[in-house]
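**Student:** Structure file data.txt, compact mmCIF, C-alpha atoms, is pasted below:
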```txt
# COMPACT_ATOMS: atom_id res chain seq x y z
CA ALA A 7 -11.83 2.59 -27.91
CA CYS A 8 -9.53 0.62 -25.56
CA ALA A 9 -9.22 -2.29 -28.00
CA LEU A 10 -8.13 0.12 -30.72
CA CYS A 11 -5.68 1.82 -28.37
CA GLU A 12 -4.18 -1.45 -27.21
CA LYS A 13 -3.45 -2.50 -30.79
CA ARG A 14 -1.74 0.82 -31.52
CA LEU A 15 0.24 0.91 -28.29
CA ARG A 16 1.89 -2.41 -29.09
CA THR A 17 3.53 -0.85 -32.15
CA ARG A 18 6.11 1.90 -31.71
CA SER A 19 5.08 3.37 -35.04
CA ALA A 20 1.90 4.48 -33.28
CA LYS A 21 3.92 7.54 -32.22
CA LYS A 22 3.81 8.79 -35.82
CA ARG A 23 0.09 8.31 -36.37
CA THR A 24 -3.11 10.17 -35.80
CA PHE A 25 -6.45 8.42 -35.74
CA ARG A 26 -10.12 9.24 -35.63
CA VAL A 27 -12.53 8.23 -32.86
CA GLY A 28 -16.11 9.46 -32.68
CA GLY A 29 -15.57 11.99 -35.48
CA LYS A 30 -12.52 13.63 -33.85
CA ASP A 31 -8.85 13.31 -34.74
CA PHE A 32 -6.50 12.27 -31.95
CA GLY A 33 -2.73 12.39 -31.87
CA GLU A 34 0.05 14.48 -30.36
CA ASN A 35 -0.23 17.17 -33.04
CA LYS A 36 -4.02 17.22 -33.04
CA MET A 37 -4.59 18.14 -29.39
CA ASN A 38 -4.44 21.57 -27.75
CA TYR A 39 -2.62 21.79 -24.42
CA ASP A 40 -3.50 25.39 -23.62
CA ARG A 41 -5.44 24.98 -20.38
CA VAL A 42 -4.00 23.12 -17.40
CA ILE A 43 -6.75 21.90 -15.06
CA ALA A 44 -4.72 19.73 -12.67
CA VAL A 45 -1.09 19.03 -11.84
CA ARG A 46 -0.01 15.96 -9.88
CA THR A 47 3.26 14.14 -9.37
CA SER A 48 4.48 13.01 -12.82
CA LYS A 49 1.07 13.83 -14.37
CA THR A 50 -0.61 16.91 -15.86
CA VAL A 51 -4.24 17.19 -16.93
CA TYR A 52 -5.28 19.53 -19.75
CA ARG A 53 -8.60 20.50 -21.27
CA ASP A 54 -9.14 20.61 -25.02
CA GLY A 55 -12.74 21.59 -25.70
CA ASP A 56 -14.95 18.68 -24.68
CA SER A 57 -11.95 16.43 -24.11
CA CYS A 58 -9.58 16.01 -21.17
CA ILE A 59 -5.97 14.91 -21.73
CA LYS A 60 -4.10 13.33 -18.83
CA THR A 61 -0.41 13.25 -19.71
CA PHE A 62 2.22 11.08 -18.02
CA ASP A 63 5.95 11.55 -17.59
CA ALA A 64 8.25 9.26 -19.55
CA ASP A 65 8.78 6.97 -16.54
CA TYR A 66 5.21 5.68 -17.03
CA SER A 67 5.26 2.83 -19.52
CA ALA A 68 2.65 2.30 -22.21
CA GLU A 69 1.44 -0.67 -20.15
CA ASP A 70 0.97 1.52 -17.05
CA VAL A 71 -1.10 4.03 -19.01
CA MET A 72 -3.12 1.32 -20.73
CA ASN A 73 -3.90 -0.35 -17.40
CA GLU A 74 -5.23 2.93 -15.97
CA ALA A 75 -7.42 3.50 -19.03
CA ILE A 76 -8.78 -0.04 -18.84
CA LYS A 77 -9.65 0.36 -15.15
CA GLN A 78 -11.45 3.61 -15.89
CA GLU A 79 -13.50 1.98 -18.66
CA LYS A 80 -14.32 -1.04 -16.52
CA ALA A 81 -15.58 1.27 -13.77
CA ARG A 82 -17.69 3.23 -16.27
CA LYS A 83 -19.28 0.07 -17.60
CA THR A 84 -20.64 -0.78 -14.13
CA GLY A 85 -23.01 2.17 -14.54
CA LEU A 86 -21.04 4.64 -12.43
CA ASN A 87 -20.59 8.20 -13.66
CA VAL A 88 -17.04 7.94 -14.96
CA PRO A 89 -15.67 9.86 -17.98
CA ALA A 90 -15.43 7.70 -21.09
CA VAL A 91 -11.94 6.96 -22.41
CA ARG A 92 -11.66 8.09 -26.05
CA ALA A 93 -8.04 7.38 -26.93
CA ILE A 94 -4.48 6.87 -25.73
CA ILE A 95 -2.01 9.09 -27.56
CA PRO A 96 1.77 9.66 -27.60
CA VAL A 97 2.77 12.93 -25.91
CA GLY A 98 6.45 13.83 -26.15
CA ASP A 99 8.40 10.91 -24.68
CA GLY A 100 5.35 9.64 -22.80
CA TRP A 101 1.66 8.92 -23.24
CA GLY A 102 -1.67 10.54 -22.56
CA ILE A 103 -5.22 9.35 -21.89
CA VAL A 104 -7.93 11.29 -23.69
CA SER A 105 -11.34 11.12 -22.02
CA ASP A 106 -14.52 13.16 -21.88
CA TYR A 107 -14.21 16.47 -20.07
CA VAL A 108 -16.58 16.83 -17.12
CA ARG A 109 -17.70 20.39 -16.53
CA GLY A 110 -18.10 21.18 -12.84
CA LYS A 111 -16.21 21.60 -9.58
CA THR A 112 -14.62 19.04 -7.29
CA ILE A 113 -16.16 18.51 -3.87
CA GLU A 114 -12.86 19.70 -2.41
CA ARG A 115 -13.20 23.04 -4.18
CA ILE A 116 -16.89 23.45 -3.36
CA VAL A 117 -16.20 22.86 0.33
CA SER A 118 -13.38 25.41 0.28
CA GLU A 119 -15.70 27.97 -1.32
CA ASN A 120 -18.75 27.12 0.77
CA PRO A 121 -17.67 25.74 4.17
CA ALA A 122 -21.26 25.82 5.43
CA GLU A 123 -22.09 23.09 2.89
CA LYS A 124 -19.40 20.67 4.04
CA LYS A 125 -21.63 18.43 6.19
CA LYS A 126 -24.12 17.89 3.36
CA LEU A 127 -21.40 17.49 0.74
CA TYR A 128 -19.36 15.01 2.77
CA SER A 129 -22.50 12.97 3.46
CA GLU A 130 -23.15 12.81 -0.30
CA PHE A 131 -19.48 11.99 -0.81
CA VAL A 132 -19.74 8.95 1.50
CA ASP A 133 -22.98 7.85 -0.22
CA LEU A 134 -21.16 7.91 -3.55
CA GLN A 135 -18.24 5.93 -2.17
CA ILE A 136 -20.65 3.28 -0.88
CA LYS A 137 -22.23 3.16 -4.35
CA VAL A 138 -18.80 2.58 -5.90
CA GLN A 139 -18.09 -0.19 -3.41
CA SER A 140 -21.37 -1.91 -4.27
CA LYS A 141 -20.05 -2.62 -7.78
CA SER A 142 -18.30 -5.83 -8.74
CA ILE A 143 -15.30 -6.06 -11.09
CA ASP A 144 -13.63 -9.31 -10.08
CA SER A 145 -11.21 -9.14 -13.02
CA LEU A 146 -9.29 -6.37 -11.24
CA GLN A 147 -6.26 -7.09 -9.09
CA LYS A 148 -7.34 -8.23 -5.62
CA THR A 149 -6.90 -5.58 -2.96
CA ASN A 150 -5.14 -7.78 -0.41
CA GLU A 151 -2.77 -9.12 -3.07
CA LYS A 152 -1.77 -5.59 -4.06
CA ILE A 153 -1.21 -4.70 -0.41
CA ALA A 154 0.86 -7.82 0.27
CA LEU A 155 3.06 -7.08 -2.74
CA ALA A 156 3.53 -3.46 -1.60
CA ILE A 157 4.55 -4.65 1.87
CA LYS A 158 7.11 -7.07 0.47
CA ARG A 159 8.58 -4.39 -1.81
CA SER A 160 8.64 -1.69 0.86
CA ALA A 161 11.66 -0.44 2.79
CA LEU A 162 10.09 -1.50 6.09
CA ASP A 163 12.18 -3.71 8.36
CA GLU A 164 11.54 -7.44 8.19
CA ASN A 165 9.81 -7.56 11.57
CA SER A 166 7.28 -4.91 10.49
CA LYS A 167 6.70 -6.70 7.20
CA ASP A 168 6.08 -10.04 8.95
CA LYS A 169 3.69 -8.42 11.41
CA LEU A 170 1.62 -6.81 8.67
CA LEU A 171 1.58 -9.88 6.45
CA SER A 172 0.60 -12.27 9.25
CA SER A 173 -2.14 -10.07 10.71
CA PRO A 174 -5.71 -11.38 10.29
CA VAL A 175 -6.68 -7.89 9.11
CA LEU A 176 -5.05 -8.52 5.73
CA SER A 177 -6.95 -11.75 5.14
CA ALA A 178 -10.28 -10.68 6.69
CA LYS A 179 -13.19 -11.32 4.33
CA GLY A 180 -15.38 -8.31 5.08
CA LYS A 181 -17.61 -6.76 2.44
CA ILE A 182 -16.12 -7.26 -1.01
CA GLY A 183 -16.52 -4.69 -3.74
CA LEU A 184 -14.89 -2.23 -6.11
CA CYS A 185 -12.20 -0.18 -4.35
CA HIS A 186 -11.29 3.08 -6.07
CA GLY A 187 -8.03 3.26 -4.11
CA ASP A 188 -7.86 7.05 -3.96
CA PHE A 189 -11.46 8.10 -3.34
CA ASN A 190 -11.19 11.64 -2.04
CA PRO A 191 -12.98 14.98 -2.54
CA SER A 192 -10.53 16.08 -5.25
CA ASN A 193 -11.50 13.08 -7.38
CA VAL A 194 -15.26 13.68 -7.32
CA ILE A 195 -16.58 16.34 -9.71
CA LYS A 196 -20.05 17.72 -9.13
CA ARG A 197 -21.62 18.35 -12.52
CA SER A 198 -24.89 19.44 -10.96
CA ALA A 199 -26.59 19.24 -7.59
CA ALA A 200 -27.73 15.70 -8.39
CA GLU A 201 -24.89 14.43 -10.59
CA ALA A 202 -21.27 13.66 -9.67
CA TYR A 203 -18.47 12.05 -11.68
CA ILE A 204 -15.55 10.03 -10.32
CA VAL A 205 -12.10 10.43 -11.88
CA ASP A 206 -8.56 9.09 -11.41
CA TRP A 207 -8.76 5.27 -11.38
CA PRO A 208 -5.14 3.97 -11.52
CA HIS A 209 -5.28 2.43 -8.03
CA ALA A 210 -8.58 0.56 -8.43
CA THR A 211 -8.75 -2.98 -7.06
CA TYR A 212 -11.39 -5.48 -5.99
CA GLY A 213 -11.61 -6.62 -2.39
CA ASN A 214 -12.41 -5.68 1.20
CA VAL A 215 -13.95 -2.20 0.96
CA LEU A 216 -12.67 -1.18 4.39
CA PHE A 217 -9.20 -0.84 2.86
CA ASP A 218 -10.72 1.66 0.44
CA ALA A 219 -12.35 3.57 3.29
CA ALA A 220 -9.02 3.52 5.15
CA ALA A 221 -7.33 5.12 2.14
CA THR A 222 -9.94 7.90 2.18
CA TYR A 223 -9.50 8.36 5.92
CA LEU A 224 -5.76 8.67 5.36
CA TRP A 225 -6.35 11.35 2.71
CA PHE A 226 -8.37 13.37 5.22
CA CYS A 227 -5.63 12.94 7.83
CA ALA A 228 -3.12 14.40 5.37
CA GLU A 229 -5.19 17.05 3.61
CA ALA A 230 -8.07 17.98 5.93
CA PRO A 231 -7.35 16.47 9.37
CA VAL A 232 -10.15 18.33 11.11
CA TYR A 233 -12.65 16.22 9.10
CA ALA A 234 -10.90 12.82 9.35
CA ASP A 235 -12.81 11.46 12.35
CA ALA A 236 -16.10 12.84 11.05
CA TYR A 237 -15.54 10.99 7.76
CA ALA A 238 -14.77 7.71 9.54
CA GLU A 239 -17.80 8.02 11.79
CA THR A 240 -20.12 8.91 8.89
CA TYR A 241 -18.83 6.04 6.77
CA CYS A 242 -19.16 3.52 9.60
CA GLU A 243 -22.64 4.73 10.50
CA LYS A 244 -23.87 4.45 6.91
CA THR A 245 -22.28 1.03 6.32
CA ARG A 246 -22.82 -0.35 9.85
CA SER A 247 -19.11 -0.98 10.13
CA LYS A 248 -17.03 -0.79 13.28
CA LYS A 249 -14.71 2.20 13.39
CA SER A 250 -12.07 -0.01 15.01
CA ASP A 251 -12.15 -2.31 11.94
CA LEU A 252 -11.68 0.66 9.61
CA LEU A 253 -8.79 2.02 11.65
CA ALA A 254 -7.16 -1.42 11.69
CA CYS A 255 -6.91 -1.15 7.89
CA VAL A 256 -5.18 2.24 7.96
CA PRO A 257 -1.59 0.87 8.25
CA TYR A 258 -2.19 -1.11 5.06
CA ALA A 259 -3.56 1.93 3.25
CA ALA A 260 -0.47 3.79 4.46
CA VAL A 261 1.83 1.16 2.92
CA LEU A 262 0.15 1.67 -0.45
CA ARG A 263 0.31 5.44 -0.10
CA LEU A 264 3.95 5.31 0.99
CA ALA A 265 4.86 3.52 -2.22
CA ARG A 266 3.93 6.58 -4.30
CA ALA A 267 4.58 9.34 -1.75
CA ARG A 268 6.91 12.26 -2.34
CA GLN A 269 10.03 12.39 -0.19
CA SER A 270 8.49 15.12 1.97
CA GLU A 271 5.41 12.95 2.69
CA ARG A 272 7.07 9.66 3.57
CA GLU A 273 7.62 10.25 7.26
CA PHE A 274 3.97 11.25 7.69
CA PHE A 275 2.60 8.09 6.08
CA ARG A 276 5.21 5.90 7.78
CA SER A 277 3.86 7.12 11.14
CA PHE A 278 0.62 5.23 10.48
CA ILE A 279 2.47 1.97 9.95
CA VAL A 280 4.96 1.70 12.82
```
What would you get if you wrote out this structure as structure tokens?

**Tutor:**
Amino acid sequence: ACALCEKRLRTRSAKKRTFRVGGKDFGENKMNYDRVIAVRTSKTVYRDGDSCIKTFDADYSAEDVMNEAIKQEKARKTGLNVPAVRAIIPVGDGWGIVSDYVRGKTIERIVSENPAEKKKLYSEFVDLQIKVQSKSIDSLQKTNEKIALAIKRSALDENSKDKLLSSPVLSAKGKIGLCHGDFNPSNVIKRSAAEAYIVDWPHATYGNVLFDAAATYLWFCAEAPVYADAYAETYCEKTRSKKSDLLACVPYAAVLRLARARQSEREFFRSFIV
């Protein structure tokens, strides 16, 4: 499906076409956008029957959308439960990724509805993250290279940039694996008690998995701070990692998060860097 999409995306006339994949017609006028299932900055996710349409604002280029779809497909092909990408379609002045709809609830929602289950659910959540990190996709951008680029492009002062770039933390080998980049309870959908799917792959990289764990820790600090330390301790116990090593990666995860943060969030994430 991605090869077909890539060919169409390289031609602007693709905006006037519909096309058929797996017996279903795709195209801006062929999809129904009647049920919103998620809203994020510059993105909206809709359900259309057994399909899910993630639409992007016009400031996302065709290349940006294509790269996200490719990362999602690469992750799925490792054997992880990841929704299959079916098409990339024009939507208004932007683009949308059509993938399989996963029926279920996110871990975030289940915990909010059943707080007594949080310990069990968060343990399963960490197990799934470790499974993701056991996969190898060395064709992805390297994690430390993405971080270094984000540091250089950031609005941090030169002294802070030099300190981060020269730290041995950035170049530490560690355990290398697939890093989701935004692995959090809102991106894991429980389809059944024994089956969970992972969504939202635009930030995926390949490198030291402690940076990935640091990004998850940072999510807990922002969204569910009462569980942040428990997450870090559970992750480190299961992976035999030192908590101090994980925490040393947090400033770097904060740099990446700062790059896409809303204005109201920037001071919070900056506090983890300086």

**Student:** Of the candidates A:Ile157, A:Ala75, A:Val117, A:Cys185, which shows the shortest atom-to-atom distance to A:Tyr233, using all atoms listed in the file?

**Tutor:**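 Once distances to A:Tyr233 are computed over all atoms listed in the file, the minimum belongs to A:Val117.
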
**Student:** Write out as a Markdown table a residue-level contact list of stretch 117-219 of chain A versus stretch 46-65 of chain A with cut-off 12 Å: for each qualifying residue the closest pair of atoms and the distance in Å to one decimal, counting only C-alpha atoms, rows sorted by chain and residue number upward.

**Tutor:**
```
| residue | atom | partner | partner_atom | distance |
| --- | --- | --- | --- | --- |
| A:Ser192 | CA | A:Arg46 | CA | 11.5 |
| A:Val205 | CA | A:Lys60 | CA | 11.0 |
| A:Asp206 | CA | A:Lys60 | CA | 9.6 |
| A:Trp207 | CA | A:Lys60 | CA | 11.9 |
| A:Pro208 | CA | A:Lys60 | CA | 11.9 |
```

**Student:** Here is a test: counting only C-alpha atoms, which residue of A:Val108, A:Glu123, A:Pro257, A:Asn73 is nearest to A:Ser166?

**Tutor:** A:Pro257

**Student:** Using all atoms listed in the file, can you tell me which of A:Ala220, A:Leu184, A:Ala202, A:Ile279 comes closest to A:Lys111?

**Tutor:**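 Nearest to A:Lys111: A:Ala202.
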
**Student:** Looking at A:Arg276, A:Lys196, A:Lys167, A:Lys148, which one is nearest to A:Lys179, with distances taken over all atoms listed in the file?

**Tutor:** A:Lys148

**Student:** Name the closest residue to A:Lys244 among the candidates A:Val42, A:Ala122, A:Ala68, A:Ile136; distances are taken between atoms, counting all atoms listed in the file.

**Tutor:**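 For A:Lys244, the nearest of the candidates is A:Ile136.
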
**Student:** Kindly indicate which residue among A:Gln139, A:Thr112, A:Asn87, A:Ser250 lies nearest to A:Leu127, using all atoms listed in the file for the distances.

**Tutor:** A:Thr112

**Student:** What separation in Å, quoted to one decimal, exists between atom CA of A:Ser105 and atom CA of A:Ala265?

**Tutor:** 26.7 Å

**Student:** So what do you get for atom CA of A:Ala219 versus atom CA of A:Gln135, distance-wise?

**Tutor:** 8.4 Å

**Student:** Name the residues in contact with A:Arg246 at a cut-off of 12 Å, using all atoms listed in the file, excluding same-chain residues fewer than 5 positions from it; report them as a list in words.

**Tutor:**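 Final neighbour list, sorted by chain and number: Ile136, Gly180, Lys181, Leu216, Ala238, Glu239, Thr240, Tyr241, Asp251 and Leu252 of chain A.
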
**Student:** Figure out the distance between atom CA of A:Ala154 and atom CA of A:Ala260, please, to one decimal in Å.

**Tutor:**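 Atom CA of A:Ala154 lies 12.4 Å from atom CA of A:Ala260.
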
**Student:** Which protein, DNA or RNA residues have an atom at most 10 Å from (4.4, -10.8, 3.9), counting only C-alpha atoms? List them as number ranges by chain.

**Tutor:** A: 153-159, 164-173, 176

**Student:** Please determine an axis-aligned box that encloses all atoms of stretch 185-200 of chain A listed in the file, with 6 Å added on each side, and express its centre and edge lengths in Å to one decimal as lines of an AutoDock Vina configuration file.

**Tutor:**
```
center_x = -17.8
center_y = 9.6
center_z = -7.3
size_x = 31.9
size_y = 31.6
size_z = 22.5
```

**Student:** I need every residue sitting at most 12 Å from the point (-15.0, 2.4, -13.2) (coordinates as in the file, all atoms listed in the file considered), written as a PyMOL selection string.

**Tutor:** chain A and resi 74-91+137-143+146+183-187+189+203-212
